[in-house]
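Below is the file start_3.pdb, which contains PDB, C-alpha atoms, pLDDT in the B column.
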ATOM      1  CA  MET A 967      76.710  50.767 129.254  1.00 48.00           C
ATOM      2  CA  SER A 968      73.783  48.409 128.763  1.00 50.00           C
ATOM      3  CA  ALA A 969      71.253  47.691 131.474  1.00 54.00           C
ATOM      4  CA  VAL A 970      71.485  43.917 130.977  1.00 48.00           C
ATOM      5  CA  PRO A 971      73.834  42.262 133.466  1.00 53.00           C
ATOM      6  CA  ARG A 972      76.643  40.185 131.984  1.00 53.00           C
ATOM      7  CA  SER A 973      75.182  36.914 133.274  1.00 54.00           C
ATOM      8  CA  GLU A 974      71.995  37.460 131.223  1.00 60.00           C
ATOM      9  CA  LYS A 975      73.769  38.374 127.966  1.00 61.00           C
ATOM     10  CA  PRO A 976      74.175  35.615 125.397  1.00 69.00           C
ATOM     11  CA  VAL A 977      77.685  34.192 125.472  1.00 68.00           C
ATOM     12  CA  SER A 978      79.570  34.434 122.201  1.00 79.00           C
ATOM     13  CA  ARG A 979      81.524  31.584 120.650  1.00 76.00           C
ATOM     14  CA  PHE A 980      84.713  33.582 121.170  1.00 74.00           C
ATOM     15  CA  ARG A 981      83.992  34.000 124.880  1.00 69.00           C
ATOM     16  CA  ARG A 982      83.255  30.262 125.301  1.00 69.00           C
ATOM     17  CA  MET A 983      86.535  29.461 123.518  1.00 68.00           C
ATOM     18  CA  LEU A 984      88.468  31.812 125.819  1.00 69.00           C
ATOM     19  CA  ASP A 985      86.813  30.254 128.873  1.00 68.00           C
ATOM     20  CA  ARG A 986      87.779  26.740 127.730  1.00 62.00           C
ATOM     21  CA  LEU A 987      91.372  27.792 126.985  1.00 69.00           C
ATOM     22  CA  SER A 988      91.776  29.355 130.405  1.00 68.00           C
ATOM     23  CA  SER A 989      90.188  26.435 132.311  1.00 61.00           C
ATOM     24  CA  SER A 990      92.157  23.588 133.846  1.00 63.00           C
ATOM     25  CA  GLN A 991      91.795  20.030 132.516  1.00 55.00           C
ATOM     26  CA  GLU A 992      89.915  19.017 135.689  1.00 56.00           C
ATOM     27  CA  ASP A 993      87.380  21.829 135.201  1.00 56.00           C
ATOM     28  CA  LEU A 994      86.813  20.785 131.596  1.00 53.00           C
ATOM     29  CA  GLU A 995      86.301  17.133 132.579  1.00 54.00           C
ATOM     30  CA  CYS A 996      83.758  18.104 135.268  1.00 52.00           C
ATOM     31  CA  GLU A 997      81.950  20.348 132.798  1.00 53.00           C
ATOM     32  CA  ASP A 998      81.702  17.476 130.312  1.00 53.00           C
ATOM     33  CA  SER A 999      80.109  15.167 132.889  1.00 51.00           C
ATOM     34  CA  ALA A1000      77.593  17.841 133.879  1.00 53.00           C
ATOM     35  CA  THR A1001      76.530  18.474 130.281  1.00 54.00           C
ATOM     36  CA  ALA A1002      76.109  14.733 129.605  1.00 67.00           C
ATOM     37  CA  GLY A1003      73.657  14.401 132.534  1.00 83.00           C
ATOM     38  CA  CYS A1004      75.983  12.086 134.430  1.00 91.00           C
ATOM     39  CA  THR A1005      76.908  11.908 138.101  1.00 93.00           C
ATOM     40  CA  ARG A1006      80.333  13.240 139.069  1.00 94.00           C
ATOM     41  CA  ILE A1007      82.558  10.413 140.273  1.00 94.00           C
ATOM     42  CA  GLY A1008      83.448  12.409 143.395  1.00 93.00           C
ATOM     43  CA  ASP A1009      79.738  12.412 144.361  1.00 94.00           C
ATOM     44  CA  CYS A1010      79.272   8.619 144.009  1.00 94.00           C
ATOM     45  CA  HIS A1011      78.727   6.479 147.104  1.00 94.00           C
ATOM     46  CA  ASP A1012      79.036   2.763 147.810  1.00 95.00           C
ATOM     47  CA  ARG A1013      76.206   0.584 146.369  1.00 96.00           C
ATOM     48  CA  GLN A1014      74.775   3.482 144.363  1.00 96.00           C
ATOM     49  CA  VAL A1015      73.593   2.891 140.769  1.00 96.00           C
ATOM     50  CA  VAL A1016      75.160   5.623 138.646  1.00 96.00           C
ATOM     51  CA  THR A1017      75.986   6.793 135.151  1.00 96.00           C
ATOM     52  CA  VAL A1018      79.404   8.436 134.963  1.00 96.00           C
ATOM     53  CA  THR A1019      81.565   9.812 132.184  1.00 94.00           C
ATOM     54  CA  GLY A1020      85.227  10.647 131.881  1.00 94.00           C
ATOM     55  CA  THR A1021      88.511   9.850 130.190  1.00 94.00           C
ATOM     56  CA  LEU A1022      90.303   6.537 130.522  1.00 96.00           C
ATOM     57  CA  ARG A1023      93.723   7.184 132.044  1.00 96.00           C
ATOM     58  CA  THR A1024      95.109   3.642 132.205  1.00 96.00           C
ATOM     59  CA  VAL A1025      94.072   0.255 130.845  1.00 97.00           C
ATOM     60  CA  THR A1026      95.679  -2.941 132.202  1.00 96.00           C
ATOM     61  CA  LEU A1027      95.115  -6.683 132.128  1.00 95.00           C
ATOM     62  CA  ARG A1028      95.126  -7.960 135.707  1.00 90.00           C
ATOM     63  CA  PRO A1029      93.895 -11.473 136.568  1.00 88.00           C
ATOM     64  CA  ARG A1030      91.508 -11.814 139.510  1.00 79.00           C
ATOM     65  CA  ALA A1031      91.371 -15.270 141.133  1.00 84.00           C
ATOM     66  CA  GLY A1032      92.837 -16.833 137.980  1.00 86.00           C
ATOM     67  CA  VAL A1033      90.265 -15.199 135.678  1.00 90.00           C
ATOM     68  CA  PRO A1034      91.378 -12.508 133.207  1.00 94.00           C
ATOM     69  CA  ALA A1035      90.126  -9.019 134.047  1.00 95.00           C
ATOM     70  CA  LEU A1036      90.517  -5.847 132.008  1.00 96.00           C
ATOM     71  CA  GLU A1037      90.876  -2.860 134.350  1.00 96.00           C
ATOM     72  CA  ALA A1038      90.725   0.809 133.405  1.00 97.00           C
ATOM     73  CA  GLU A1039      90.892   4.003 135.450  1.00 97.00           C
ATOM     74  CA  LEU A1040      88.155   6.496 134.530  1.00 97.00           C
ATOM     75  CA  PHE A1041      88.748  10.141 135.542  1.00 95.00           C
ATOM     76  CA  ASP A1042      86.211  12.961 135.293  1.00 93.00           C
ATOM     77  CA  GLY A1043      88.033  15.831 137.011  1.00 90.00           C
ATOM     78  CA  SER A1044      86.503  15.277 140.435  1.00 92.00           C
ATOM     79  CA  ALA A1045      87.820  11.776 141.232  1.00 94.00           C
ATOM     80  CA  ALA A1046      88.910   8.494 139.685  1.00 96.00           C
ATOM     81  CA  LEU A1047      86.983   5.242 139.344  1.00 96.00           C
ATOM     82  CA  ASP A1048      88.232   1.748 138.488  1.00 97.00           C
ATOM     83  CA  VAL A1049      86.195   0.067 135.747  1.00 97.00           C
ATOM     84  CA  VAL A1050      86.642  -3.728 135.600  1.00 96.00           C
ATOM     85  CA  TRP A1051      85.434  -6.135 132.931  1.00 96.00           C
ATOM     86  CA  LEU A1052      85.735  -9.686 134.319  1.00 93.00           C
ATOM     87  CA  GLY A1053      86.596 -12.471 131.878  1.00 94.00           C
ATOM     88  CA  ARG A1054      87.899 -10.073 129.213  1.00 94.00           C
ATOM     89  CA  ARG A1055      91.476  -9.749 127.973  1.00 94.00           C
ATOM     90  CA  SER A1056      90.746  -6.791 125.710  1.00 94.00           C
ATOM     91  CA  ILE A1057      87.848  -4.732 124.345  1.00 95.00           C
ATOM     92  CA  VAL A1058      88.091  -2.903 121.049  1.00 95.00           C
ATOM     93  CA  GLY A1059      88.154   0.856 121.674  1.00 95.00           C
ATOM     94  CA  ILE A1060      89.030   0.633 125.374  1.00 96.00           C
ATOM     95  CA  GLU A1061      92.363   2.461 125.413  1.00 95.00           C
ATOM     96  CA  PRO A1062      94.000   5.302 127.356  1.00 95.00           C
ATOM     97  CA  GLY A1063      92.743   8.758 126.353  1.00 93.00           C
ATOM     98  CA  ARG A1064      89.345   7.537 125.174  1.00 95.00           C
ATOM     99  CA  LYS A1065      86.177   9.146 126.557  1.00 94.00           C
ATOM    100  CA  LEU A1066      83.554   6.792 127.952  1.00 94.00           C
ATOM    101  CA  ILE A1067      80.119   6.791 129.567  1.00 95.00           C
ATOM    102  CA  ALA A1068      79.610   3.883 132.007  1.00 96.00           C
ATOM    103  CA  SER A1069      76.557   2.746 134.010  1.00 97.00           C
ATOM    104  CA  GLY A1070      76.343   0.306 136.888  1.00 97.00           C
ATOM    105  CA  ARG A1071      76.521  -0.127 140.654  1.00 97.00           C
ATOM    106  CA  ILE A1072      79.483   1.388 142.492  1.00 96.00           C
ATOM    107  CA  SER A1073      81.325  -0.751 145.028  1.00 96.00           C
ATOM    108  CA  MET A1074      84.287   0.041 147.220  1.00 95.00           C
ATOM    109  CA  SER A1075      87.431  -2.096 147.060  1.00 90.00           C
ATOM    110  CA  ARG A1076      90.540  -1.178 149.072  1.00 90.00           C
ATOM    111  CA  GLY A1077      89.229   2.364 149.526  1.00 92.00           C
ATOM    112  CA  ARG A1078      88.663   2.969 145.783  1.00 94.00           C
ATOM    113  CA  ARG A1079      85.444   3.191 143.809  1.00 97.00           C
ATOM    114  CA  VAL A1080      84.988   0.233 141.420  1.00 97.00           C
ATOM    115  CA  LEU A1081      82.436  -0.441 138.690  1.00 97.00           C
ATOM    116  CA  PHE A1082      82.288  -4.127 137.657  1.00 96.00           C
ATOM    117  CA  ASN A1083      81.068  -5.148 134.171  1.00 96.00           C
ATOM    118  CA  PRO A1084      79.344  -1.834 133.431  1.00 97.00           C
ATOM    119  CA  LYS A1085      77.145  -0.962 130.514  1.00 97.00           C
ATOM    120  CA  TYR A1086      79.289   1.451 128.545  1.00 96.00           C
ATOM    121  CA  GLU A1087      79.269   3.754 125.548  1.00 95.00           C
ATOM    122  CA  LEU A1088      82.423   4.919 123.825  1.00 95.00           C
ATOM    123  CA  ARG A1089      82.340   8.599 122.906  1.00 91.00           C
ATOM    124  CA  PRO A1090      83.225   9.500 119.308  1.00 87.00           C
ATOM    125  CA  LEU A1091      86.885  10.381 118.781  1.00 77.00           C
ATOM    126  CA  GLY A1092      86.034  13.647 116.992  1.00 65.00           C
ATOM    127  CA  ARG A1093      84.246  15.161 120.029  1.00 53.00           C
ATOM    128  CA  GLU A1094      87.392  15.534 122.154  1.00 48.00           C
TER
END
What does this structure look like when you write it as structure tokens?
Amino acid sequence: MSAVPRSEKPVSRFRRMLDRLSSSQEDLECEDSATAGCTRIGDCHDRQVVTVTGTLRTVTLRPRAGVPALEAELFDGSAALDVVWLGRRSIVGIEPGRKLIASGRISMSRGRRVLFNPKYELRPLGRE
């Protein structure tokens, strides 16, 4: 038996693969947000400027006060966040299942976190 504790040993690619296979989807989503240097959605508070990442679960067109608004639900494993682009009917690449990094100021609407007109970056499809 070696004198080096397991936590200090380098982790092999095989071990990392086994860990990912045995983890739940929520754990994997939270891990992705931590490695990207983003704030977990569950830790966001009202009026806070944040950068969050996650997977788009739903994308819908829902008018607000007669103005078109594209709404998407972003989920990172800890909580969900509504992302709203006002005045847009569609955005190329914004579709369910796509990973996204979004930045802006959180607001609360009807008890849910909302991010209006965020700066965003679509994650490459091959990195999923």
Q | Picked residues, the PyMOL selection byres ((chain A and resi 1077-1091) around 9), expected as a list of chain:residue names | A |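 Checked against the file, the PyMOL selection byres ((chain A and resi 1077-1091) around 9) matches A:Ile1007, A:Cys1010, A:His1011, A:Asp1012, A:Ala1046, A:Leu1047, A:Asp1048, A:Val1049, A:Val1050, A:Trp1051, A:Leu1052, A:Gly1059, A:Ile1060, A:Arg1064, A:Lys1065, A:Leu1066, A:Ile1067, A:Ala1068, A:Ser1069, A:Gly1070, A:Arg1071, A:Ile1072, A:Ser1073, A:Met1074, A:Ser1075, A:Arg1076, A:Gly1092, A:Arg1093, A:Glu1094.
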Q: Go ahead and compute the interatomic distance for CA of Pro1029 (chain A) and CA of Asp1009 (chain A), in Å to one decimal.
A: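 Rounded to one decimal, the two atoms are 28.8 Å apart.
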Q: Please evaluate the PyMOL selection byres ((chain A and resi 1055) around 6) against the structure above and give the resulting residues as a list in words.
A: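 Taken over the shown coordinates, the PyMOL selection byres ((chain A and resi 1055) around 6) returns Pro1034, Leu1036, Arg1054 and Ser1056 of chain A.
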Can those selected residues be exported to a file as an mmCIF file, in the coordinates of the input so that it contains C-alpha atoms?
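Full text of again_0.cif as output:
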data_model
loop_
_atom_site.group_PDB
_atom_site.id
_atom_site.type_symbol
_atom_site.label_atom_id
_atom_site.label_comp_id
_atom_site.auth_asym_id
_atom_site.auth_seq_id
_atom_site.Cartn_x
_atom_site.Cartn_y
_atom_site.Cartn_z
ATOM 1 C CA PRO A 1034 91.378 -12.508 133.207
ATOM 2 C CA LEU A 1036 90.517 -5.847 132.008
ATOM 3 C CA ARG A 1054 87.899 -10.073 129.213
ATOM 4 C CA SER A 1056 90.746 -6.791 125.710
#
Q) Expressed in Å to a single decimal, how great is the separation between CA of Val1016 (chain A) and CA of Gly1003 (chain A)? A)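 A separation of 10.8 Å between them.
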Q: For the structure shown, which residues end up in the PyMOL selection byres ((chain A and resi 1021) around 9)? Put them as a PyMOL selection string, please?
A: chain A and resi 995+1019-1020+1022-1023+1039-1042+1062-1067
Q. What is the CA of Thr1024 (chain A)-CA of Glu1061 (chain A) distance in Å, reported with one decimal?
A. 7.4 Å
Could you extract region 994-1043 of chain A of the given structure into a file holding N, CA and C atoms, as a PDB file, in the first residue's frame?
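Writing the result to selection-v4.pdb gives the following:
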ATOM      1  N   LEU A 994     -23.607  16.659 -12.943  1.00  0.00           N
ATOM      2  CA  LEU A 994     -22.777  16.997 -14.098  1.00  0.00           C
ATOM      3  C   LEU A 994     -22.989  18.449 -14.517  1.00  0.00           C
ATOM      4  N   GLU A 995     -24.225  18.925 -14.487  1.00  0.00           N
ATOM      5  CA  GLU A 995     -24.522  20.307 -14.852  1.00  0.00           C
ATOM      6  C   GLU A 995     -23.855  21.271 -13.870  1.00  0.00           C
ATOM      7  N   CYS A 996     -23.931  20.967 -12.571  1.00  0.00           N
ATOM      8  CA  CYS A 996     -23.300  21.822 -11.558  1.00  0.00           C
ATOM      9  C   CYS A 996     -21.790  21.832 -11.731  1.00  0.00           C
ATOM     10  N   GLU A 997     -21.222  20.690 -12.049  1.00  0.00           N
ATOM     11  CA  GLU A 997     -19.779  20.589 -12.256  1.00  0.00           C
ATOM     12  C   GLU A 997     -19.352  21.443 -13.441  1.00  0.00           C
ATOM     13  N   ASP A 998     -20.150  21.443 -14.511  1.00  0.00           N
ATOM     14  CA  ASP A 998     -19.837  22.247 -15.682  1.00  0.00           C
ATOM     15  C   ASP A 998     -19.828  23.729 -15.353  1.00  0.00           C
ATOM     16  N   SER A 999     -20.779  24.199 -14.554  1.00  0.00           N
ATOM     17  CA  SER A 999     -20.826  25.620 -14.214  1.00  0.00           C
ATOM     18  C   SER A 999     -19.643  26.005 -13.327  1.00  0.00           C
ATOM     19  N   ALA A1000     -19.221  25.107 -12.463  1.00  0.00           N
ATOM     20  CA  ALA A1000     -18.082  25.397 -11.590  1.00  0.00           C
ATOM     21  C   ALA A1000     -16.792  25.485 -12.398  1.00  0.00           C
ATOM     22  N   THR A1001     -16.618  24.613 -13.379  1.00  0.00           N
ATOM     23  CA  THR A1001     -15.389  24.627 -14.164  1.00  0.00           C
ATOM     24  C   THR A1001     -15.349  25.813 -15.113  1.00  0.00           C
ATOM     25  N   ALA A1002     -16.488  26.367 -15.497  1.00  0.00           N
ATOM     26  CA  ALA A1002     -16.515  27.515 -16.406  1.00  0.00           C
ATOM     27  C   ALA A1002     -16.334  28.834 -15.647  1.00  0.00           C
ATOM     28  N   GLY A1003     -16.249  28.806 -14.326  1.00  0.00           N
ATOM     29  CA  GLY A1003     -16.077  30.016 -13.533  1.00  0.00           C
ATOM     30  C   GLY A1003     -17.355  30.820 -13.406  1.00  0.00           C
ATOM     31  N   CYS A1004     -18.480  30.168 -13.522  1.00  0.00           N
ATOM     32  CA  CYS A1004     -19.776  30.839 -13.469  1.00  0.00           C
ATOM     33  C   CYS A1004     -20.431  30.627 -12.106  1.00  0.00           C
ATOM     34  N   THR A1005     -21.403  31.484 -11.815  1.00  0.00           N
ATOM     35  CA  THR A1005     -22.183  31.370 -10.591  1.00  0.00           C
ATOM     36  C   THR A1005     -23.269  30.327 -10.785  1.00  0.00           C
ATOM     37  N   ARG A1006     -23.502  29.498  -9.775  1.00  0.00           N
ATOM     38  CA  ARG A1006     -24.616  28.545  -9.851  1.00  0.00           C
ATOM     39  C   ARG A1006     -25.919  29.330  -9.780  1.00  0.00           C
ATOM     40  N   ILE A1007     -26.898  28.925 -10.569  1.00  0.00           N
ATOM     41  CA  ILE A1007     -28.172  29.632 -10.601  1.00  0.00           C
ATOM     42  C   ILE A1007     -28.843  29.602  -9.227  1.00  0.00           C
ATOM     43  N   GLY A1008     -28.709  28.513  -8.504  1.00  0.00           N
ATOM     44  CA  GLY A1008     -29.296  28.408  -7.171  1.00  0.00           C
ATOM     45  C   GLY A1008     -28.717  29.401  -6.176  1.00  0.00           C
ATOM     46  N   ASP A1009     -27.526  29.945  -6.459  1.00  0.00           N
ATOM     47  CA  ASP A1009     -26.873  30.909  -5.566  1.00  0.00           C
ATOM     48  C   ASP A1009     -27.126  32.359  -5.973  1.00  0.00           C
ATOM     49  N   CYS A1010     -27.871  32.594  -7.050  1.00  0.00           N
ATOM     50  CA  CYS A1010     -28.131  33.948  -7.544  1.00  0.00           C
ATOM     51  C   CYS A1010     -29.242  34.613  -6.752  1.00  0.00           C
ATOM     52  N   HIS A1011     -29.089  35.913  -6.520  1.00  0.00           N
ATOM     53  CA  HIS A1011     -30.073  36.694  -5.770  1.00  0.00           C
ATOM     54  C   HIS A1011     -30.598  37.820  -6.641  1.00  0.00           C
ATOM     55  N   ASP A1012     -31.728  38.387  -6.233  1.00  0.00           N
ATOM     56  CA  ASP A1012     -32.356  39.481  -6.963  1.00  0.00           C
ATOM     57  C   ASP A1012     -31.394  40.664  -7.091  1.00  0.00           C
ATOM     58  N   ARG A1013     -31.371  41.268  -8.301  1.00  0.00           N
ATOM     59  CA  ARG A1013     -30.568  42.458  -8.630  1.00  0.00           C
ATOM     60  C   ARG A1013     -29.068  42.199  -8.649  1.00  0.00           C
ATOM     61  N   GLN A1014     -28.650  40.976  -8.680  1.00  0.00           N
ATOM     62  CA  GLN A1014     -27.235  40.626  -8.701  1.00  0.00           C
ATOM     63  C   GLN A1014     -26.774  40.476 -10.153  1.00  0.00           C
ATOM     64  N   VAL A1015     -25.603  41.025 -10.486  1.00  0.00           N
ATOM     65  CA  VAL A1015     -25.023  40.848 -11.819  1.00  0.00           C
ATOM     66  C   VAL A1015     -24.245  39.537 -11.790  1.00  0.00           C
ATOM     67  N   VAL A1016     -24.596  38.632 -12.722  1.00  0.00           N
ATOM     68  CA  VAL A1016     -24.016  37.292 -12.694  1.00  0.00           C
ATOM     69  C   VAL A1016     -23.646  36.817 -14.100  1.00  0.00           C
ATOM     70  N   THR A1017     -22.826  35.789 -14.121  1.00  0.00           N
ATOM     71  CA  THR A1017     -22.566  34.999 -15.323  1.00  0.00           C
ATOM     72  C   THR A1017     -22.924  33.570 -14.960  1.00  0.00           C
ATOM     73  N   VAL A1018     -23.865  32.994 -15.705  1.00  0.00           N
ATOM     74  CA  VAL A1018     -24.339  31.643 -15.430  1.00  0.00           C
ATOM     75  C   VAL A1018     -24.203  30.794 -16.689  1.00  0.00           C
ATOM     76  N   THR A1019     -24.177  29.490 -16.490  1.00  0.00           N
ATOM     77  CA  THR A1019     -24.132  28.575 -17.625  1.00  0.00           C
ATOM     78  C   THR A1019     -25.062  27.410 -17.350  1.00  0.00           C
ATOM     79  N   GLY A1020     -25.526  26.787 -18.408  1.00  0.00           N
ATOM     80  CA  GLY A1020     -26.419  25.646 -18.258  1.00  0.00           C
ATOM     81  C   GLY A1020     -26.929  25.190 -19.610  1.00  0.00           C
ATOM     82  N   THR A1021     -27.957  24.358 -19.566  1.00  0.00           N
ATOM     83  CA  THR A1021     -28.567  23.811 -20.768  1.00  0.00           C
ATOM     84  C   THR A1021     -29.964  24.390 -20.921  1.00  0.00           C
ATOM     85  N   LEU A1022     -30.298  24.789 -22.139  1.00  0.00           N
ATOM     86  CA  LEU A1022     -31.635  25.299 -22.404  1.00  0.00           C
ATOM     87  C   LEU A1022     -32.615  24.139 -22.411  1.00  0.00           C
ATOM     88  N   ARG A1023     -33.624  24.209 -21.572  1.00  0.00           N
ATOM     89  CA  ARG A1023     -34.625  23.136 -21.506  1.00  0.00           C
ATOM     90  C   ARG A1023     -35.795  23.417 -22.432  1.00  0.00           C
ATOM     91  N   THR A1024     -36.296  24.637 -22.438  1.00  0.00           N
ATOM     92  CA  THR A1024     -37.414  24.997 -23.312  1.00  0.00           C
ATOM     93  C   THR A1024     -37.138  26.344 -23.956  1.00  0.00           C
ATOM     94  N   VAL A1025     -37.682  26.532 -25.146  1.00  0.00           N
ATOM     95  CA  VAL A1025     -37.601  27.814 -25.846  1.00  0.00           C
ATOM     96  C   VAL A1025     -38.989  28.099 -26.406  1.00  0.00           C
ATOM     97  N   THR A1026     -39.573  29.250 -26.047  1.00  0.00           N
ATOM     98  CA  THR A1026     -40.922  29.594 -26.508  1.00  0.00           C
ATOM     99  C   THR A1026     -40.991  31.059 -26.924  1.00  0.00           C
ATOM    100  N   LEU A1027     -41.926  31.350 -27.815  1.00  0.00           N
ATOM    101  CA  LEU A1027     -42.204  32.726 -28.202  1.00  0.00           C
ATOM    102  C   LEU A1027     -43.439  33.161 -27.432  1.00  0.00           C
ATOM    103  N   ARG A1028     -43.272  34.158 -26.569  1.00  0.00           N
ATOM    104  CA  ARG A1028     -44.383  34.613 -25.725  1.00  0.00           C
ATOM    105  C   ARG A1028     -44.385  36.141 -25.721  1.00  0.00           C
ATOM    106  N   PRO A1029     -45.399  36.750 -26.341  1.00  0.00           N
ATOM    107  CA  PRO A1029     -45.457  38.222 -26.370  1.00  0.00           C
ATOM    108  C   PRO A1029     -45.616  38.816 -24.973  1.00  0.00           C
ATOM    109  N   ARG A1030     -44.954  39.942 -24.758  1.00  0.00           N
ATOM    110  CA  ARG A1030     -45.079  40.695 -23.504  1.00  0.00           C
ATOM    111  C   ARG A1030     -45.532  42.101 -23.867  1.00  0.00           C
ATOM    112  N   ALA A1031     -46.723  42.468 -23.428  1.00  0.00           N
ATOM    113  CA  ALA A1031     -47.300  43.797 -23.695  1.00  0.00           C
ATOM    114  C   ALA A1031     -47.329  44.084 -25.198  1.00  0.00           C
ATOM    115  N   GLY A1032     -47.653  43.079 -26.001  1.00  0.00           N
ATOM    116  CA  GLY A1032     -47.769  43.258 -27.440  1.00  0.00           C
ATOM    117  C   GLY A1032     -46.453  43.207 -28.197  1.00  0.00           C
ATOM    118  N   VAL A1033     -45.345  43.053 -27.495  1.00  0.00           N
ATOM    119  CA  VAL A1033     -44.020  42.990 -28.118  1.00  0.00           C
ATOM    120  C   VAL A1033     -43.549  41.534 -28.110  1.00  0.00           C
ATOM    121  N   PRO A1034     -43.011  41.034 -29.233  1.00  0.00           N
ATOM    122  CA  PRO A1034     -42.531  39.649 -29.217  1.00  0.00           C
ATOM    123  C   PRO A1034     -41.394  39.474 -28.207  1.00  0.00           C
ATOM    124  N   ALA A1035     -41.356  38.314 -27.579  1.00  0.00           N
ATOM    125  CA  ALA A1035     -40.311  38.008 -26.604  1.00  0.00           C
ATOM    126  C   ALA A1035     -39.962  36.524 -26.709  1.00  0.00           C
ATOM    127  N   LEU A1036     -38.705  36.234 -26.915  1.00  0.00           N
ATOM    128  CA  LEU A1036     -38.234  34.857 -26.956  1.00  0.00           C
ATOM    129  C   LEU A1036     -37.814  34.475 -25.540  1.00  0.00           C
ATOM    130  N   GLU A1037     -38.442  33.447 -24.987  1.00  0.00           N
ATOM    131  CA  GLU A1037     -38.144  33.007 -23.624  1.00  0.00           C
ATOM    132  C   GLU A1037     -37.541  31.616 -23.652  1.00  0.00           C
ATOM    133  N   ALA A1038     -36.537  31.405 -22.814  1.00  0.00           N
ATOM    134  CA  ALA A1038     -35.900  30.097 -22.691  1.00  0.00           C
ATOM    135  C   ALA A1038     -35.661  29.811 -21.215  1.00  0.00           C
ATOM    136  N   GLU A1039     -35.733  28.540 -20.845  1.00  0.00           N
ATOM    137  CA  GLU A1039     -35.437  28.132 -19.475  1.00  0.00           C
ATOM    138  C   GLU A1039     -34.039  27.529 -19.457  1.00  0.00           C
ATOM    139  N   LEU A1040     -33.153  28.134 -18.668  1.00  0.00           N
ATOM    140  CA  LEU A1040     -31.768  27.679 -18.531  1.00  0.00           C
ATOM    141  C   LEU A1040     -31.647  26.909 -17.224  1.00  0.00           C
ATOM    142  N   PHE A1041     -31.087  25.699 -17.267  1.00  0.00           N
ATOM    143  CA  PHE A1041     -30.967  24.847 -16.082  1.00  0.00           C
ATOM    144  C   PHE A1041     -29.515  24.435 -15.918  1.00  0.00           C
ATOM    145  N   ASP A1042     -28.989  24.575 -14.696  1.00  0.00           N
ATOM    146  CA  ASP A1042     -27.594  24.203 -14.451  1.00  0.00           C
ATOM    147  C   ASP A1042     -27.427  23.083 -13.431  1.00  0.00           C
ATOM    148  N   GLY A1043     -28.503  22.476 -12.994  1.00  0.00           N
ATOM    149  CA  GLY A1043     -28.408  21.391 -12.014  1.00  0.00           C
ATOM    150  C   GLY A1043     -28.763  21.836 -10.615  1.00  0.00           C
TER     151      GLY A1043
END
